[in-house]
$ cat protein_3.txt   # compact mmCIF, C-alpha atoms and all ligand atoms
# COMPACT_ATOMS: atom_id res chain seq x y z
CA MET A 1 66.19 105.81 191.90
CA SER A 2 69.38 103.78 191.34
CA LYS A 3 69.76 102.04 188.01
CA ALA A 4 71.20 98.53 187.85
CA ILE A 5 71.81 96.10 185.02
CA ILE A 6 72.22 92.35 185.37
CA ILE A 7 74.09 90.64 182.53
CA TYR A 8 74.18 86.87 182.72
CA GLY A 9 75.24 83.75 180.85
CA SER A 10 73.53 80.49 181.74
CA THR A 11 73.38 77.09 180.05
CA THR A 12 71.01 75.04 182.20
CA GLY A 13 69.12 77.95 183.74
CA ASN A 14 70.70 78.17 187.20
CA THR A 15 72.43 81.50 186.71
CA GLU A 16 69.36 82.73 184.84
CA TYR A 17 67.17 81.87 187.84
CA THR A 18 69.70 83.58 190.11
CA SER A 19 69.57 86.71 187.92
CA GLU A 20 65.78 86.81 188.02
CA THR A 21 65.82 86.43 191.80
CA ILE A 22 68.33 89.26 192.14
CA GLU A 23 66.23 91.40 189.82
CA GLU A 24 63.12 90.87 191.91
CA TYR A 25 64.91 91.70 195.15
CA LEU A 26 66.52 94.84 193.75
CA SER A 27 63.20 95.96 192.26
CA ASN A 28 61.54 95.56 195.64
CA ALA A 29 64.33 97.71 197.07
CA SER A 30 63.37 100.47 194.61
CA PHE A 31 66.13 99.90 192.08
CA SER A 32 65.33 100.32 188.42
CA VAL A 33 66.65 97.01 187.06
CA LYS A 34 67.25 95.64 183.59
CA THR A 35 68.21 91.98 183.14
CA VAL A 36 69.78 90.83 179.89
CA ASN A 37 71.08 87.56 178.57
CA VAL A 38 74.70 88.18 177.60
CA SER A 39 73.91 86.91 174.08
CA ASP A 40 71.62 89.90 173.61
CA THR A 41 74.09 92.64 174.49
CA ASP A 42 77.68 93.75 173.92
CA VAL A 43 80.31 95.74 175.78
CA ASP A 44 78.86 99.05 174.57
CA VAL A 45 76.53 98.54 177.53
CA PHE A 46 79.39 99.76 179.73
CA GLN A 47 79.07 103.19 178.13
CA ASP A 48 75.59 103.52 179.58
CA THR A 49 75.13 105.15 182.93
CA TYR A 50 74.15 102.38 185.31
CA ASP A 51 74.88 102.88 188.98
CA LEU A 52 75.58 99.17 189.37
CA TYR A 53 76.61 96.41 186.99
CA LEU A 54 75.94 92.82 188.08
CA LEU A 55 77.72 90.17 186.04
CA GLY A 56 76.63 86.53 186.34
CA CYS A 57 78.32 83.54 184.74
CA SER A 58 78.45 79.81 185.39
CA THR A 59 81.68 77.79 185.15
CA TRP A 60 82.38 74.96 182.73
CA GLY A 61 85.38 72.88 181.68
CA GLU A 62 87.09 70.05 183.50
CA ASP A 63 90.84 70.63 183.83
CA GLU A 64 90.71 74.35 183.18
CA ILE A 65 88.30 77.19 183.78
CA GLU A 66 85.81 77.76 180.99
CA LEU A 67 83.27 80.53 181.13
CA GLN A 68 79.71 79.75 180.14
CA GLU A 69 79.85 79.71 176.35
CA ASP A 70 77.64 82.75 175.63
CA PHE A 71 79.63 84.81 178.13
CA GLU A 72 82.97 83.97 176.53
CA PRO A 73 82.86 86.42 173.55
CA PHE A 74 81.55 89.20 175.81
CA PHE A 75 84.40 88.53 178.23
CA GLU A 76 86.94 88.62 175.38
CA ASP A 77 85.68 92.10 174.55
CA MET A 78 86.09 93.20 178.17
CA ASN A 79 89.63 94.25 177.45
CA GLY A 80 92.03 97.17 177.47
CA GLY A 81 89.83 99.22 175.14
CA LEU A 82 87.46 99.79 178.06
CA SER A 83 87.77 101.62 181.32
CA PHE A 84 85.61 100.72 184.30
CA GLU A 85 86.93 103.63 186.38
CA GLY A 86 84.19 104.99 188.61
CA LYS A 87 81.84 102.08 187.91
CA LYS A 88 80.47 99.71 190.54
CA PHE A 89 80.28 95.97 190.00
CA ALA A 90 79.05 92.81 191.70
CA VAL A 91 79.79 89.34 190.35
CA PHE A 92 77.92 86.06 190.83
CA GLY A 93 77.71 82.62 189.33
CA CYS A 94 76.67 79.03 189.76
CA GLY A 95 79.05 76.11 189.96
CA ASP A 96 79.75 72.85 191.65
CA SER A 97 82.37 72.41 194.34
CA SER A 98 83.17 68.88 193.18
CA TYR A 99 85.12 70.47 190.31
CA GLU A 100 88.71 71.59 190.76
CA TYR A 101 87.94 75.25 189.98
CA PHE A 102 84.77 75.96 191.91
CA CYS A 103 83.10 78.97 190.30
CA GLY A 104 86.33 79.74 188.48
CA ALA A 105 84.44 81.97 186.06
CA VAL A 106 83.57 84.27 188.95
CA ASP A 107 87.27 84.51 189.83
CA VAL A 108 88.35 85.45 186.31
CA ILE A 109 85.55 87.99 185.86
CA GLU A 110 86.42 89.61 189.21
CA GLU A 111 90.05 89.83 188.15
CA ARG A 112 89.15 91.43 184.79
CA VAL A 113 86.79 93.97 186.37
CA GLU A 114 89.53 95.08 188.75
CA LYS A 115 92.14 95.17 185.98
CA LEU A 116 89.91 97.58 184.06
CA GLY A 117 89.60 99.80 187.13
CA GLY A 118 86.11 98.76 188.25
CA ASN A 119 85.06 98.75 191.88
CA LEU A 120 83.78 95.41 193.24
CA VAL A 121 81.32 96.49 195.91
CA CYS A 122 81.32 93.26 197.92
CA ASP A 123 82.37 89.62 197.91
CA SER A 124 81.06 87.73 194.92
CA LEU A 125 78.28 85.15 195.16
CA ARG A 126 79.42 81.59 194.37
CA ILE A 127 76.50 79.17 194.37
CA ASP A 128 77.24 75.49 194.91
CA GLY A 129 74.60 73.37 193.18
CA GLU A 130 70.97 74.43 192.94
CA PRO A 131 70.48 78.13 193.62
CA GLU A 132 68.32 78.93 196.63
CA GLU A 133 66.30 82.07 196.99
CA ALA A 134 67.33 82.80 200.60
CA GLU A 135 71.05 82.72 199.80
CA ILE A 136 70.56 84.94 196.76
CA ASN A 137 68.46 87.45 198.67
CA GLU A 138 70.99 87.63 201.49
CA TRP A 139 73.77 88.38 199.03
CA THR A 140 71.67 90.93 197.15
CA GLN A 141 71.05 92.75 200.43
CA ASP A 142 74.84 92.85 200.98
CA VAL A 143 75.21 94.36 197.50
CA ILE A 144 72.60 97.01 198.28
CA ASN A 145 74.29 97.84 201.59
CA ALA A 146 77.66 98.21 199.91
CA ALA A 147 76.65 99.94 196.66
C1 LIG A 201 80.85 69.41 181.92
C2 LIG A 201 80.68 70.32 183.12
C3 LIG A 201 81.75 71.03 183.61
C4 LIG A 201 81.63 71.85 184.74
N1 LIG A 201 82.73 72.49 185.23
C5 LIG A 201 82.62 73.21 186.38
C6 LIG A 201 83.77 73.83 186.97
O1 LIG A 201 84.91 73.73 186.50
N2 LIG A 201 83.59 74.55 188.12
C7 LIG A 201 82.38 74.67 188.72
O2 LIG A 201 82.29 75.33 189.75
N3 LIG A 201 81.27 74.10 188.18
C8 LIG A 201 81.36 73.38 187.03
N4 LIG A 201 80.25 72.78 186.49
C9 LIG A 201 78.93 72.96 187.16
C10 LIG A 201 78.06 74.06 186.52
O3 LIG A 201 78.70 75.30 186.57
C11 LIG A 201 76.75 74.11 187.31
O4 LIG A 201 75.96 73.00 186.93
C12 LIG A 201 75.95 75.39 187.16
O5 LIG A 201 74.86 75.37 188.04
C13 LIG A 201 75.46 75.64 185.76
O6 LIG A 201 74.86 76.90 185.75
P1 LIG A 201 74.00 77.43 184.52
O7 LIG A 201 72.77 76.58 184.44
O8 LIG A 201 73.67 78.83 184.87
O9 LIG A 201 74.85 77.34 183.30
C14 LIG A 201 80.36 71.97 185.37
C15 LIG A 201 79.26 71.26 184.86
C16 LIG A 201 79.41 70.43 183.76
C17 LIG A 201 78.20 69.68 183.26

$ encode --input "protein_3.txt" --output "structure tokens"
Amino acid sequence: MSKAIIIYGSTTGNTEYTSETIEEYLSNASFSVKTVNVSDTDVDVFQDTYDLYLLGCSTWGEDEIELQEDFEPFFEDMNGGLSFEGKKFAVFGCGDSSYEYFCGAVDVIEERVEKLGGNLVCDSLRIDGEPEEAEINEWTQDVINAA
């Protein structure tokens, strides 16, 4: 059985809902899944042996990209002291396309994962507005196919 962990930061609950929906879909596809709020973990989690890491973060800020506030310190610790070589990742987040940097947090997390040598298994999920189950499930199936 493949082991996956979903680590998310969410202020108004949209990325949290998305995480729970991904968890349910992966569980139904026989993954062993753990979902954690980013406030309740730290980067030592990358030393564990998950087959797949899913990172979810909403975007804030007006003129510049701001990560969801709980995710920010975790992201700061995702730095050169870590290696993601050989690890698989998928990134997702909620945003709003009326802002200049639509889902900018997803872009910066993708960039950091790749810089640390991680393998992004498929295109990231960028949700515009309210998350919908069908869109999330479709993406999660893409992740499963690619992982
Ligand atoms: C003050 C403010 C700034 C925001 N800035 C952005 C932004 O720069 N880019 C974006 O895509 N969405 C932006 N959003 C939209 C949120 O990311 C969106 O509401 C998202 O669904 C929140 O997800 P969460 O509930 O998981 O935190 C902003 C929302 C607010 C209220």

$ axis_aligned_box --input "protein_3.txt" --around "region 120-130 of chain A" --padding-each-side "6 Å" --output "lines of an AutoDock Vina configuration file"
center_x = 77.4
center_y = 84.9
center_z = 195.4
size_x = 24.8
size_y = 35.1
size_z = 17.0

$ residues_around --input "protein_3.txt" --residues "Glu16 (chain A)" --least-positions-apart "2" --cutoff "12 Å" --atoms "all atoms listed in the file" --output "VMD selection string"
chain A and resid 6 to 14 18 to 23 35 to 38 55 to 58 68 92 to 94 130 to 131

$ closest_residue --input "protein_3.txt" --among "A:Tyr25, A:Leu67, A:Val33, A:Asp48" --to "Asp142 (chain A)" --atoms "only C-alpha atoms"
A:Tyr25

$ atom_distance --input "protein_3.txt" --atom1 "CA of Tyr99 (chain A)" --atom2 "CA of Asp77 (chain A)"
26.8 Å

$ residues_around --input "protein_3.txt" --residues "Ile144 (chain A)" --least-positions-apart "4" --cutoff "9 Å" --atoms "only C-alpha atoms" --output "PyMOL selection string"
chain A and resi 26+29+139-140

$ write_last_selection --input "protein_3.txt" --atoms "C-alpha atoms" --output "PDB file, keeping the file's coordinate frame"
ATOM      1  CA  LEU A  26      66.520  94.840 193.750  1.00  0.00           C
ATOM      2  CA  ALA A  29      64.330  97.710 197.070  1.00  0.00           C
ATOM      3  CA  TRP A 139      73.770  88.380 199.030  1.00  0.00           C
ATOM      4  CA  THR A 140      71.670  90.930 197.150  1.00  0.00           C
TER       5      THR A 140
END

$ residues_around --input "protein_3.txt" --residues "region 107-110 of chain A" --least-positions-apart "4" --cutoff "7 Å" --atoms "only C-alpha atoms" --output "PDB file with C-alpha atoms, in the frame of the given file"
ATOM      1  CA  VAL A  91      79.790  89.340 190.350  1.00  0.00           C
ATOM      2  CA  CYS A 103      83.100  78.970 190.300  1.00  0.00           C
ATOM      3  CA  GLU A 114      89.530  95.080 188.750  1.00  0.00           C
TER       4      GLU A 114
END

$ residues_around --input "protein_3.txt" --residues "Val113 (chain A)" --least-positions-apart "3" --cutoff "10 Å" --atoms "only C-alpha atoms" --output "ChimeraX atom specification"
/A:55,78-79,83-85,87-91,108-110,116-120

$ closest_residue --input "protein_3.txt" --among "A:Asn145, A:Ser2, A:Asn137, A:Ser39" --to "Tyr53 (chain A)" --atoms "all atoms listed in the file"
A:Ser2

$ closest_residue --input "protein_3.txt" --among "A:Ser97, A:Asp128, A:Ala105, A:Val143" --to "Glu72 (chain A)" --atoms "only C-alpha atoms"
A:Ala105

$ atom_distance --input "protein_3.txt" --atom1 "atom C9 of ligand LIG 201 (chain A)" --atom2 "CA of Gly95 (chain A)"
4.2 Å

$ atom_distance --input "protein_3.txt" --atom1 "CA of Asp51 (chain A)" --atom2 "CA of Asp123 (chain A)"
17.7 Å

$ closest_residue --input "protein_3.txt" --among "A:Phe74, A:Arg112, A:Phe102, A:Lys3" --to "Thr59 (chain A)" --atoms "only C-alpha atoms"
A:Phe102

$ closest_residue --input "protein_3.txt" --among "A:Glu133, A:Glu66, A:Asp42, A:Glu138" --to "Glu100 (chain A)" --atoms "all atoms listed in the file"
A:Glu66

$ closest_residue --input "protein_3.txt" --among "A:Leu54, A:Met1, A:Gly61, A:Ala147" --to "Thr15 (chain A)" --atoms "all atoms listed in the file"
A:Leu54

$ decode --input "protein_3.txt" --residues "region 86-108 of chain A" --atoms "N, CA, C and O atoms" --output "PDB file, in the first residue's frame"
ATOM      1  N   GLY A  86      14.692  12.042  -4.912  1.00  0.00           N
ATOM      2  CA  GLY A  86      14.022  10.744  -4.841  1.00  0.00           C
ATOM      3  C   GLY A  86      12.616  10.801  -4.257  1.00  0.00           C
ATOM      4  O   GLY A  86      11.958   9.779  -4.141  1.00  0.00           O
ATOM      5  N   LYS A  87      12.172  11.999  -3.879  1.00  0.00           N
ATOM      6  CA  LYS A  87      10.828  12.112  -3.301  1.00  0.00           C
ATOM      7  C   LYS A  87       9.836  12.657  -4.335  1.00  0.00           C
ATOM      8  O   LYS A  87      10.192  13.502  -5.153  1.00  0.00           O
ATOM      9  N   LYS A  88       8.608  12.183  -4.228  1.00  0.00           N
ATOM     10  CA  LYS A  88       7.555  12.615  -5.158  1.00  0.00           C
ATOM     11  C   LYS A  88       6.632  13.624  -4.482  1.00  0.00           C
ATOM     12  O   LYS A  88       6.223  13.413  -3.326  1.00  0.00           O
ATOM     13  N   PHE A  89       6.269  14.638  -5.244  1.00  0.00           N
ATOM     14  CA  PHE A  89       5.430  15.718  -4.728  1.00  0.00           C
ATOM     15  C   PHE A  89       4.282  16.046  -5.671  1.00  0.00           C
ATOM     16  O   PHE A  89       4.402  15.903  -6.892  1.00  0.00           O
ATOM     17  N   ALA A  90       3.193  16.556  -5.068  1.00  0.00           N
ATOM     18  CA  ALA A  90       2.124  17.199  -5.842  1.00  0.00           C
ATOM     19  C   ALA A  90       1.701  18.427  -5.035  1.00  0.00           C
ATOM     20  O   ALA A  90       1.699  18.391  -3.800  1.00  0.00           O
ATOM     21  N   VAL A  91       1.409  19.508  -5.742  1.00  0.00           N
ATOM     22  CA  VAL A  91       1.112  20.777  -5.074  1.00  0.00           C
ATOM     23  C   VAL A  91      -0.283  21.252  -5.478  1.00  0.00           C
ATOM     24  O   VAL A  91      -0.687  21.096  -6.640  1.00  0.00           O
ATOM     25  N   PHE A  92      -0.995  21.835  -4.518  1.00  0.00           N
ATOM     26  CA  PHE A  92      -2.332  22.360  -4.812  1.00  0.00           C
ATOM     27  C   PHE A  92      -2.604  23.564  -3.930  1.00  0.00           C
ATOM     28  O   PHE A  92      -1.923  23.802  -2.922  1.00  0.00           O
ATOM     29  N   GLY A  93      -3.614  24.341  -4.327  1.00  0.00           N
ATOM     30  CA  GLY A  93      -3.977  25.476  -3.494  1.00  0.00           C
ATOM     31  C   GLY A  93      -5.189  26.189  -4.049  1.00  0.00           C
ATOM     32  O   GLY A  93      -5.541  26.044  -5.222  1.00  0.00           O
ATOM     33  N   CYS A  94      -5.816  26.958  -3.160  1.00  0.00           N
ATOM     34  CA  CYS A  94      -6.974  27.749  -3.567  1.00  0.00           C
ATOM     35  C   CYS A  94      -6.569  29.207  -3.713  1.00  0.00           C
ATOM     36  O   CYS A  94      -5.693  29.698  -2.997  1.00  0.00           O
ATOM     37  N   GLY A  95      -7.230  29.879  -4.645  1.00  0.00           N
ATOM     38  CA  GLY A  95      -6.954  31.286  -4.880  1.00  0.00           C
ATOM     39  C   GLY A  95      -8.125  31.925  -5.580  1.00  0.00           C
ATOM     40  O   GLY A  95      -9.245  31.386  -5.578  1.00  0.00           O
ATOM     41  N   ASP A  96      -7.829  33.056  -6.172  1.00  0.00           N
ATOM     42  CA  ASP A  96      -8.883  33.839  -6.819  1.00  0.00           C
ATOM     43  C   ASP A  96      -8.228  34.558  -7.998  1.00  0.00           C
ATOM     44  O   ASP A  96      -7.274  35.325  -7.818  1.00  0.00           O
ATOM     45  N   SER A  97      -8.749  34.270  -9.191  1.00  0.00           N
ATOM     46  CA  SER A  97      -8.090  34.782 -10.393  1.00  0.00           C
ATOM     47  C   SER A  97      -8.280  36.281 -10.590  1.00  0.00           C
ATOM     48  O   SER A  97      -7.737  36.853 -11.527  1.00  0.00           O
ATOM     49  N   SER A  98      -9.041  36.933  -9.695  1.00  0.00           N
ATOM     50  CA  SER A  98      -9.147  38.389  -9.822  1.00  0.00           C
ATOM     51  C   SER A  98      -7.905  39.080  -9.235  1.00  0.00           C
ATOM     52  O   SER A  98      -7.712  40.274  -9.425  1.00  0.00           O
ATOM     53  N   TYR A  99      -7.065  38.312  -8.535  1.00  0.00           N
ATOM     54  CA  TYR A  99      -5.815  38.874  -8.019  1.00  0.00           C
ATOM     55  C   TYR A  99      -4.719  38.759  -9.065  1.00  0.00           C
ATOM     56  O   TYR A  99      -4.753  37.882  -9.923  1.00  0.00           O
ATOM     57  N   GLU A 100      -3.728  39.631  -8.933  1.00  0.00           N
ATOM     58  CA  GLU A 100      -2.648  39.665  -9.933  1.00  0.00           C
ATOM     59  C   GLU A 100      -1.896  38.332  -9.980  1.00  0.00           C
ATOM     60  O   GLU A 100      -1.561  37.831 -11.050  1.00  0.00           O
ATOM     61  N   TYR A 101      -1.603  37.766  -8.798  1.00  0.00           N
ATOM     62  CA  TYR A 101      -0.842  36.515  -8.762  1.00  0.00           C
ATOM     63  C   TYR A 101      -1.767  35.371  -8.379  1.00  0.00           C
ATOM     64  O   TYR A 101      -1.854  34.996  -7.216  1.00  0.00           O
ATOM     65  N   PHE A 102      -2.482  34.874  -9.373  1.00  0.00           N
ATOM     66  CA  PHE A 102      -3.433  33.784  -9.111  1.00  0.00           C
ATOM     67  C   PHE A 102      -2.681  32.544  -8.628  1.00  0.00           C
ATOM     68  O   PHE A 102      -1.780  32.043  -9.316  1.00  0.00           O
ATOM     69  N   CYS A 103      -3.049  32.094  -7.441  1.00  0.00           N
ATOM     70  CA  CYS A 103      -2.398  30.921  -6.830  1.00  0.00           C
ATOM     71  C   CYS A 103      -0.872  31.029  -6.855  1.00  0.00           C
ATOM     72  O   CYS A 103      -0.161  30.041  -7.096  1.00  0.00           O
ATOM     73  N   GLY A 104      -0.394  32.222  -6.576  1.00  0.00           N
ATOM     74  CA  GLY A 104       1.058  32.451  -6.560  1.00  0.00           C
ATOM     75  C   GLY A 104       1.776  31.557  -5.557  1.00  0.00           C
ATOM     76  O   GLY A 104       2.939  31.177  -5.778  1.00  0.00           O
ATOM     77  N   ALA A 105       1.113  31.207  -4.469  1.00  0.00           N
ATOM     78  CA  ALA A 105       1.751  30.333  -3.475  1.00  0.00           C
ATOM     79  C   ALA A 105       2.090  28.973  -4.089  1.00  0.00           C
ATOM     80  O   ALA A 105       3.128  28.388  -3.782  1.00  0.00           O
ATOM     81  N   VAL A 106       1.211  28.497  -4.960  1.00  0.00           N
ATOM     82  CA  VAL A 106       1.468  27.216  -5.619  1.00  0.00           C
ATOM     83  C   VAL A 106       2.733  27.333  -6.477  1.00  0.00           C
ATOM     84  O   VAL A 106       3.597  26.441  -6.463  1.00  0.00           O
ATOM     85  N   ASP A 107       2.874  28.459  -7.165  1.00  0.00           N
ATOM     86  CA  ASP A 107       4.067  28.665  -8.006  1.00  0.00           C
ATOM     87  C   ASP A 107       5.342  28.633  -7.168  1.00  0.00           C
ATOM     88  O   ASP A 107       6.323  27.986  -7.535  1.00  0.00           O
ATOM     89  N   VAL A 108       5.337  29.350  -6.035  1.00  0.00           N
ATOM     90  CA  VAL A 108       6.588  29.427  -5.266  1.00  0.00           C
ATOM     91  C   VAL A 108       6.899  28.093  -4.570  1.00  0.00           C
ATOM     92  O   VAL A 108       8.071  27.730  -4.437  1.00  0.00           O
TER      93      VAL A 108
END
